[in-house]
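Trainee: mmCIF, C-alpha atoms and all ligand atoms, file final.cif:
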data_start
loop_
_atom_site.group_PDB
_atom_site.id
_atom_site.type_symbol
_atom_site.label_atom_id
_atom_site.label_comp_id
_atom_site.auth_asym_id
_atom_site.auth_seq_id
_atom_site.Cartn_x
_atom_site.Cartn_y
_atom_site.Cartn_z
ATOM 1 C CA MET L 1 0.000 0.000 0.000
ATOM 2 C CA ALA L 2 2.857 2.403 -0.674
ATOM 3 C CA ALA L 3 1.741 5.877 -1.650
ATOM 4 C CA GLY L 4 3.035 6.861 -5.071
ATOM 5 C CA PRO L 5 2.846 9.769 -7.483
ATOM 6 C CA VAL L 6 -0.594 11.279 -8.087
ATOM 7 C CA ALA L 7 -2.136 13.565 -10.669
ATOM 8 C CA GLY L 8 -0.030 16.456 -11.882
ATOM 9 C CA THR L 9 2.970 17.307 -9.801
ATOM 10 C CA LEU L 10 1.353 16.515 -6.440
ATOM 11 C CA LEU L 11 3.127 13.617 -4.765
ATOM 12 C CA LEU L 12 1.775 11.603 -1.847
ATOM 13 C CA ARG L 13 3.977 9.698 0.520
ATOM 14 C CA THR L 14 3.506 7.909 3.813
ATOM 15 C CA ALA L 15 4.690 10.008 6.743
ATOM 16 C CA THR L 16 7.255 8.775 9.255
ATOM 17 C CA ALA L 17 8.322 9.876 12.736
ATOM 18 C CA ALA L 18 10.631 12.387 11.035
ATOM 19 C CA ASP L 19 7.549 14.258 9.780
ATOM 20 C CA VAL L 20 5.964 14.893 13.182
ATOM 21 C CA ASP L 21 7.348 18.445 13.402
ATOM 22 C CA PHE L 22 5.657 19.300 10.108
ATOM 23 C CA ILE L 23 2.388 17.688 11.184
ATOM 24 C CA LEU L 24 2.392 19.534 14.514
ATOM 25 C CA ALA L 25 3.069 22.856 12.792
ATOM 26 C CA ALA L 26 0.457 22.294 10.089
ATOM 27 C CA GLU L 27 -2.380 21.636 12.541
ATOM 28 C CA ARG L 28 -1.359 24.637 14.690
ATOM 29 C CA LEU L 29 -1.551 27.444 12.153
ATOM 30 C CA PRO L 30 -3.341 30.534 13.483
ATOM 31 C CA GLY L 31 -7.104 29.992 13.505
ATOM 32 C CA TYR L 32 -6.905 26.229 12.991
ATOM 33 C CA GLU L 33 -7.759 25.571 16.644
ATOM 34 C CA ARG L 34 -11.411 26.248 15.754
ATOM 35 C CA LEU L 35 -11.279 24.030 12.666
ATOM 36 C CA VAL L 36 -9.283 20.928 13.449
ATOM 37 C CA ALA L 37 -8.274 18.857 16.470
ATOM 38 C CA GLN L 38 -4.657 19.181 17.584
ATOM 39 C CA TRP L 39 -2.683 16.313 19.052
ATOM 40 C CA SER L 40 0.503 16.377 21.094
ATOM 41 C CA ARG L 41 3.793 15.094 19.723
ATOM 42 C CA GLU L 42 3.336 11.943 21.815
ATOM 43 C CA GLN L 43 -0.143 11.321 20.407
ATOM 44 C CA HIS L 44 1.122 11.612 16.830
ATOM 45 C CA GLN L 45 4.135 9.418 17.526
ATOM 46 C CA ALA L 46 1.886 6.761 19.038
ATOM 47 C CA ALA L 47 -0.579 6.986 16.136
ATOM 48 C CA LEU L 48 2.228 6.573 13.597
ATOM 49 C CA GLU L 49 3.021 3.204 15.149
ATOM 50 C CA ARG L 50 -0.502 1.856 14.760
ATOM 51 C CA ASP L 51 -1.424 -0.612 12.031
ATOM 52 C CA ASP L 52 -4.859 0.972 11.685
ATOM 53 C CA THR L 53 -3.459 4.430 10.952
ATOM 54 C CA ARG L 54 -1.900 6.036 7.904
ATOM 55 C CA TYR L 55 -0.517 9.550 7.564
ATOM 56 C CA LEU L 56 -0.136 10.805 4.006
ATOM 57 C CA LEU L 57 1.991 13.849 3.213
ATOM 58 C CA ALA L 58 1.619 15.761 -0.031
ATOM 59 C CA ALA L 59 4.105 17.935 -1.867
ATOM 60 C CA HIS L 60 4.642 19.354 -5.294
ATOM 61 C CA ALA L 61 7.687 17.865 -6.972
ATOM 62 C CA GLY L 62 10.876 19.237 -5.484
ATOM 63 C CA GLN L 63 9.007 21.213 -2.810
ATOM 64 C CA PRO L 64 8.554 20.713 0.930
ATOM 65 C CA PRO L 65 5.260 19.203 2.115
ATOM 66 C CA GLY L 66 2.199 21.409 1.742
ATOM 67 C CA GLY L 67 -0.228 19.390 3.804
ATOM 68 C CA PHE L 68 -1.104 16.084 5.371
ATOM 69 C CA ALA L 69 -4.016 13.745 5.814
ATOM 70 C CA LEU L 70 -4.572 11.306 8.680
ATOM 71 C CA LEU L 71 -6.584 8.159 8.004
ATOM 72 C CA GLN L 72 -7.727 6.420 11.195
ATOM 73 C CA PRO L 73 -9.050 3.820 11.151
ATOM 74 C CA LEU L 74 -7.522 2.969 7.829
ATOM 75 C CA HIS L 75 -10.042 0.209 7.369
ATOM 76 C CA ASP L 76 -13.374 -0.801 8.829
ATOM 77 C CA THR L 77 -15.631 -3.424 7.283
ATOM 78 C CA HIS L 78 -18.756 -1.421 8.034
ATOM 79 C CA GLU L 79 -17.847 2.254 8.141
ATOM 80 C CA GLY L 80 -14.819 2.236 5.825
ATOM 81 C CA ALA L 81 -11.787 4.473 6.242
ATOM 82 C CA LYS L 82 -12.083 7.630 8.296
ATOM 83 C CA LEU L 83 -10.307 10.796 7.226
ATOM 84 C CA ARG L 84 -9.638 11.931 10.774
ATOM 85 C CA ARG L 85 -7.654 15.031 9.893
ATOM 86 C CA ILE L 86 -6.491 17.070 6.927
ATOM 87 C CA ALA L 87 -4.576 20.344 6.990
ATOM 88 C CA VAL L 88 -2.567 22.417 4.550
ATOM 89 C CA VAL L 89 -0.010 25.098 5.353
ATOM 90 C CA ARG L 90 -1.178 27.615 2.722
ATOM 91 C CA PRO L 91 -4.980 27.458 2.721
ATOM 92 C CA GLY L 92 -7.054 28.877 -0.084
ATOM 93 C CA GLU L 93 -4.563 28.184 -2.888
ATOM 94 C CA GLY L 94 -6.071 24.971 -4.208
ATOM 95 C CA PHE L 95 -3.676 22.594 -2.471
ATOM 96 C CA GLY L 96 -6.309 21.114 -0.181
ATOM 97 C CA ARG L 97 -8.621 20.193 -3.035
ATOM 98 C CA ALA L 98 -5.785 18.434 -4.856
ATOM 99 C CA LEU L 99 -4.674 16.712 -1.660
ATOM 100 C CA LEU L 100 -8.171 15.488 -0.874
ATOM 101 C CA THR L 101 -8.668 14.146 -4.391
ATOM 102 C CA ALA L 102 -5.360 12.310 -4.140
ATOM 103 C CA VAL L 103 -6.278 10.861 -0.739
ATOM 104 C CA ILE L 104 -9.669 9.632 -1.965
ATOM 105 C CA ASP L 105 -8.019 8.026 -5.001
ATOM 106 C CA TRP L 106 -5.409 6.418 -2.755
ATOM 107 C CA VAL L 107 -8.012 4.977 -0.392
ATOM 108 C CA PHE L 108 -10.069 3.363 -3.153
ATOM 109 C CA GLU L 109 -7.093 2.270 -5.243
ATOM 110 C CA SER L 110 -4.871 1.021 -2.429
ATOM 111 C CA THR L 111 -7.348 -0.403 0.097
ATOM 112 C CA ASP L 112 -10.552 -2.415 -0.201
ATOM 113 C CA ASN L 113 -12.663 0.059 1.738
ATOM 114 C CA GLU L 114 -16.148 0.597 0.354
ATOM 115 C CA ARG L 115 -16.521 3.991 2.019
ATOM 116 C CA LEU L 116 -14.477 7.028 3.057
ATOM 117 C CA TRP L 117 -15.965 9.294 5.688
ATOM 118 C CA LEU L 118 -15.187 12.191 7.954
ATOM 119 C CA ASP L 119 -16.820 14.718 10.199
ATOM 120 C CA VAL L 120 -16.471 18.462 9.879
ATOM 121 C CA PHE L 121 -17.647 21.401 11.973
ATOM 122 C CA THR L 122 -20.638 23.131 10.432
ATOM 123 C CA HIS L 123 -18.809 26.473 10.792
ATOM 124 C CA ASN L 124 -15.898 25.204 8.647
ATOM 125 C CA GLU L 125 -17.397 26.387 5.361
ATOM 126 C CA ARG L 126 -14.097 26.246 3.503
ATOM 127 C CA ALA L 127 -13.558 22.583 4.292
ATOM 128 C CA ARG L 128 -17.180 21.675 3.575
ATOM 129 C CA ARG L 129 -16.909 23.323 0.175
ATOM 130 C CA VAL L 130 -13.768 21.344 -0.629
ATOM 131 C CA TYR L 131 -15.369 18.088 0.532
ATOM 132 C CA ARG L 132 -18.515 18.630 -1.530
ATOM 133 C CA ALA L 133 -16.420 19.481 -4.592
ATOM 134 C CA ALA L 134 -14.528 16.199 -4.126
ATOM 135 C CA GLY L 135 -17.784 14.231 -4.175
ATOM 136 C CA LEU L 136 -18.527 13.729 -0.491
ATOM 137 C CA GLN L 137 -22.150 13.881 0.536
ATOM 138 C CA GLU L 138 -23.544 15.047 3.842
ATOM 139 C CA ASP L 139 -24.959 12.092 5.782
ATOM 140 C CA GLY L 140 -26.146 13.770 8.950
ATOM 141 C CA LEU L 141 -25.687 16.248 11.739
ATOM 142 C CA LEU L 142 -24.228 15.722 15.212
ATOM 143 C CA ARG L 143 -25.601 18.640 17.226
ATOM 144 C CA GLY L 144 -23.323 20.237 19.827
ATOM 145 C CA ALA L 145 -21.007 17.267 19.521
ATOM 146 C CA TYR L 146 -17.634 18.902 20.120
ATOM 147 C CA ARG L 147 -16.188 21.146 22.801
ATOM 148 C CA LEU L 148 -13.919 23.762 21.196
ATOM 149 C CA PRO L 149 -10.809 25.067 23.027
ATOM 150 C CA ASP L 150 -12.700 28.247 24.033
ATOM 151 C CA GLY L 151 -15.379 26.114 25.723
ATOM 152 C CA SER L 152 -18.101 26.721 23.148
ATOM 153 C CA ARG L 153 -19.802 23.774 21.508
ATOM 154 C CA ALA L 154 -19.838 23.007 17.787
ATOM 155 C CA ASP L 155 -22.071 20.969 15.510
ATOM 156 C CA ARG L 156 -20.414 18.366 13.282
ATOM 157 C CA VAL L 157 -21.574 17.050 9.914
ATOM 158 C CA ILE L 158 -20.828 13.476 8.845
ATOM 159 C CA MET L 159 -19.793 13.306 5.175
ATOM 160 C CA SER L 160 -18.932 10.300 3.052
ATOM 161 C CA VAL L 161 -18.165 9.024 -0.420
ATOM 162 C CA LEU L 162 -18.833 5.437 -1.469
ATOM 163 C CA ARG L 163 -16.574 3.384 -3.714
ATOM 164 C CA GLN L 164 -19.333 3.149 -6.303
ATOM 165 C CA GLU L 165 -19.684 6.951 -6.395
ATOM 166 C CA TRP L 166 -15.920 7.342 -6.718
ATOM 167 C CA ARG L 167 -15.920 4.845 -9.595
ATOM 168 C CA GLU L 168 -18.685 6.747 -11.402
ATOM 169 C CA ARG L 169 -17.215 10.220 -10.777
HETATM 170 C C1 LIG V 201 -9.749 22.490 4.709
HETATM 171 C C2 LIG V 201 -8.471 22.650 3.900
HETATM 172 C C3 LIG V 201 -7.669 21.355 3.941
HETATM 173 C C4 LIG V 201 -8.836 22.946 2.447
HETATM 174 O O1 LIG V 201 -7.653 23.167 1.740
HETATM 175 P P1 LIG V 201 -7.441 24.550 0.924
HETATM 176 O O2 LIG V 201 -6.130 24.430 0.233
HETATM 177 O O3 LIG V 201 -7.611 25.712 1.846
HETATM 178 O O4 LIG V 201 -8.651 24.465 -0.077
HETATM 179 P P2 LIG V 201 -8.694 24.991 -1.596
HETATM 180 O O5 LIG V 201 -7.878 26.231 -1.713
HETATM 181 O O6 LIG V 201 -8.350 23.841 -2.464
HETATM 182 O O7 LIG V 201 -10.237 25.294 -1.770
HETATM 183 C C5 LIG V 201 -10.892 26.152 -0.867
HETATM 184 C C6 LIG V 201 -12.286 26.419 -1.404
HETATM 185 O O8 LIG V 201 -13.061 27.053 -0.378
HETATM 186 C C7 LIG V 201 -13.382 28.377 -0.793
HETATM 187 N N1 LIG V 201 -13.232 29.200 0.407
HETATM 188 C C8 LIG V 201 -12.117 29.811 0.863
HETATM 189 N N2 LIG V 201 -12.400 30.416 2.026
HETATM 190 C C9 LIG V 201 -13.697 30.173 2.307
HETATM 191 C C10 LIG V 201 -14.578 30.520 3.367
HETATM 192 N N3 LIG V 201 -14.144 31.252 4.406
HETATM 193 N N4 LIG V 201 -15.846 30.066 3.325
HETATM 194 C C11 LIG V 201 -16.283 29.312 2.294
HETATM 195 N N5 LIG V 201 -15.492 28.959 1.247
HETATM 196 C C12 LIG V 201 -14.225 29.379 1.273
HETATM 197 C C13 LIG V 201 -12.438 28.719 -1.906
HETATM 198 O O9 LIG V 201 -13.011 29.679 -2.768
HETATM 199 C C14 LIG V 201 -12.292 27.362 -2.560
HETATM 200 O O10 LIG V 201 -13.411 27.014 -3.324
HETATM 201 P P3 LIG V 201 -13.346 27.020 -4.928
HETATM 202 O O11 LIG V 201 -12.235 26.067 -5.291
HETATM 203 O O12 LIG V 201 -14.703 26.527 -5.350
HETATM 204 O O13 LIG V 201 -13.055 28.431 -5.318
HETATM 205 C C15 LIG V 201 -7.595 23.823 4.442
HETATM 206 O O14 LIG V 201 -8.305 25.038 4.319
HETATM 207 C C16 LIG V 201 -7.144 23.640 5.885
HETATM 208 O O15 LIG V 201 -6.125 23.025 6.141
HETATM 209 N N6 LIG V 201 -7.924 24.228 6.803
HETATM 210 C C17 LIG V 201 -7.581 24.181 8.234
HETATM 211 C C18 LIG V 201 -7.781 22.804 8.798
HETATM 212 C C19 LIG V 201 -9.147 22.268 8.472
HETATM 213 O O16 LIG V 201 -10.137 22.971 8.473
HETATM 214 N N7 LIG V 201 -9.194 20.962 8.217
HETATM 215 C C20 LIG V 201 -10.438 20.264 7.948
HETATM 216 C C21 LIG V 201 -11.007 19.755 9.220
HETATM 217 S S1 LIG V 201 -12.445 18.726 8.952
#
Can you give me the file's structure in the form of structure tokens?

Mentor:
Amino acid sequence: MAAGPVAGTLLLRTATAADVDFILAAERLPGYERLVAQWSREQHQAALERDDTRYLLAAHAGQPPGGFALLQPLHDTHEGAKLRRIAVVRPGEGFGRALLTAVIDWVFESTDNERLWLDVFTHNERARRVYRAAGLQEDGLLRGAYRLPDGSRADRVIMSVLRQEWRER
């Protein structure tokens, strides 16, 4: 299941322990604390060791990484793979859309999952737009289902794409 070259010049590769500094920095950009969960170094290091987890890093050829995706669990017979986290270091420049497309392709080409899913805060309009554009559909709403760092509560939307939909895209 090695990650290889993807469309255009965007390259995906599996992250290693040497990439934890990048991952920590990417999920801690200003404002991201309201958009994405943030793990400690120890949590990422432990997750990297797990068989049910895959971190994918993306970069344009010859460039440093521009973002990462965390798949956990990588496989589930019923629910499929969960995209637990995705973050780019220069938002709004099209990198996230390309990264997401590459991750979806990787999941359906490199694993036998029938479904890829995630949850996203309702207030994260940028991410929801990118997910919809990549073919994910909104499955349902989890009301008040997350406590943000400032103590307020956020709604989350479950989104998914099925293998059949990916095949017919
Ligand atoms: C979500 C994320 C990965 C998307 O990557 P990105 O590189 O910023 O996305 P793109 O530039 O490819 O596309 C952004 C789209 O949202 C639109 N957009 C930008 N800001 C927006 C906003 N505030 N509200 C709604 N749409 C917005 C852009 O116009 C673009 O749509 P278009 O391609 O139809 O014009 C990235 O923004 C990110 O890392 N965000 C912080 C972490 C995060 O939210 N992760 C997801 C958690 S579920």

Trainee: Between L:Ala26, L:Leu12, L:Met159, L:Leu118, which one has atoms that come closest to Arg132 in chain L, using all atoms listed in the file?

Mentor: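 Counting all atoms listed in the file, the residue closest to Arg132 in chain L is L:Met159.
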
Trainee: Show me, as a count of residues only, the residues that have an atom within 10 Å of Glu49 in chain L when counting all atoms listed in the file, minus same-chain residues fewer than 4 positions from it.

Mentor: 6

Trainee: Using only C-alpha atoms, list the residues that have an atom at most 12 Å from (-20.2, 23.5, 7.3), coordinates as in the file, as number ranges by chain.

Mentor: L: 35, 119-132, 137-138, 140-142, 154-159

Trainee: Padding of 8 Å on every side, edges along x, y and z, all listed atoms of ligand LIG 201 (chain V) included: what centre and edge lengths in Å, to one decimal, does that box have, as AutoDock Vina command-line options?

Mentor:
--center_x -11.2 --center_y 25.0 --center_z 1.9 --size_x 26.2 --size_y 28.5 --size_z 30.6

Trainee: What is the distance, in Å and to one decimal place, between CA of Leu29 in chain L and atom C11 of ligand LIG 201 (chain V)?

Mentor: 17.8 Å

Trainee: Is there a way to get, as a PyMOL selection string, all residues within 6 Å of the point (-17.1, 7.5, -2.7) in file coordinates, counting all atoms listed in the file?

Mentor: chain L and resi 115+161-163+165-166

Trainee: Please write the residues from the selection above to a file, keeping C-alpha atoms, as a compact mmCIF listing (two decimals), in the frame of the given file.

Mentor:
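Output contents, as saved in part37.txt:
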# COMPACT_ATOMS: atom_id res chain seq x y z
CA ARG L 115 -16.52 3.99 2.02
CA VAL L 161 -18.16 9.02 -0.42
CA LEU L 162 -18.83 5.44 -1.47
CA ARG L 163 -16.57 3.38 -3.71
CA GLU L 165 -19.68 6.95 -6.40
CA TRP L 166 -15.92 7.34 -6.72

Trainee: Which polymer residues have any atom within 12 Å of an atom of Thr9 in chain L, counting only C-alpha atoms, with same-chain residues fewer than 4 positions away left out, as an MDAnalysis selection string?

Mentor: chainID L and resid 4:5 58:63 95 98:99 102

Trainee: Between L:Val88, L:Leu11, L:Leu148, L:Leu116, single out the one closest to ligand LIG 201 (chain V), counting all atoms listed in the file.

Mentor: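 Closest to ligand LIG 201 (chain V) of all the choices is L:Val88.
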
Trainee: To one decimal place, how far is CA of His78 in chain L from CA of Leu48 in chain L in Å?

Mentor: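 Going from CA of His78 in chain L over to CA of Leu48 in chain L covers 23.1 Å.
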
Trainee: To one decimal in Å, tell me the separation between CA of Glu114 in chain L and CA of His75 in chain L.

Mentor: 9.3 Å

Trainee: Which of these, L:Asp21, L:Glu93, L:Asp139, L:Asp112, has the shortest distance to Trp39 in chain L once you count all atoms listed in the file?

Mentor: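 Ranked by minimum distance to Trp39 in chain L, first place goes to L:Asp21.
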
Trainee: From the options L:Arg28, L:Glu33, L:Val20, L:Ser110, which residue's atoms come nearest to Pro149 in chain L, counting only C-alpha atoms?

Mentor: L:Glu33

Trainee: Given only C-alpha atoms and all ligand atoms as the basis, pick out the residue of L:Arg50, L:Arg167, L:Arg41, L:Lys82 nearest to ligand LIG 201 (chain V).

Mentor: L:Lys82

Trainee: Which residue, L:Arg143, L:Arg90, L:Arg153, L:Arg97, has the smallest gap to Pro30 in chain L when you use only C-alpha atoms?

Mentor: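 Using only C-alpha atoms, the shortest distance to Pro30 in chain L belongs to L:Arg90.
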
Trainee: Quick one: residues within 12 Å of Thr111 in chain L, all atoms listed in the file counted, chain neighbours fewer than 3 positions away excluded, as a ChimeraX atom specification?

Mentor: /L:1-3,52,54,71,73-77,80-81,103-108,114-116,163
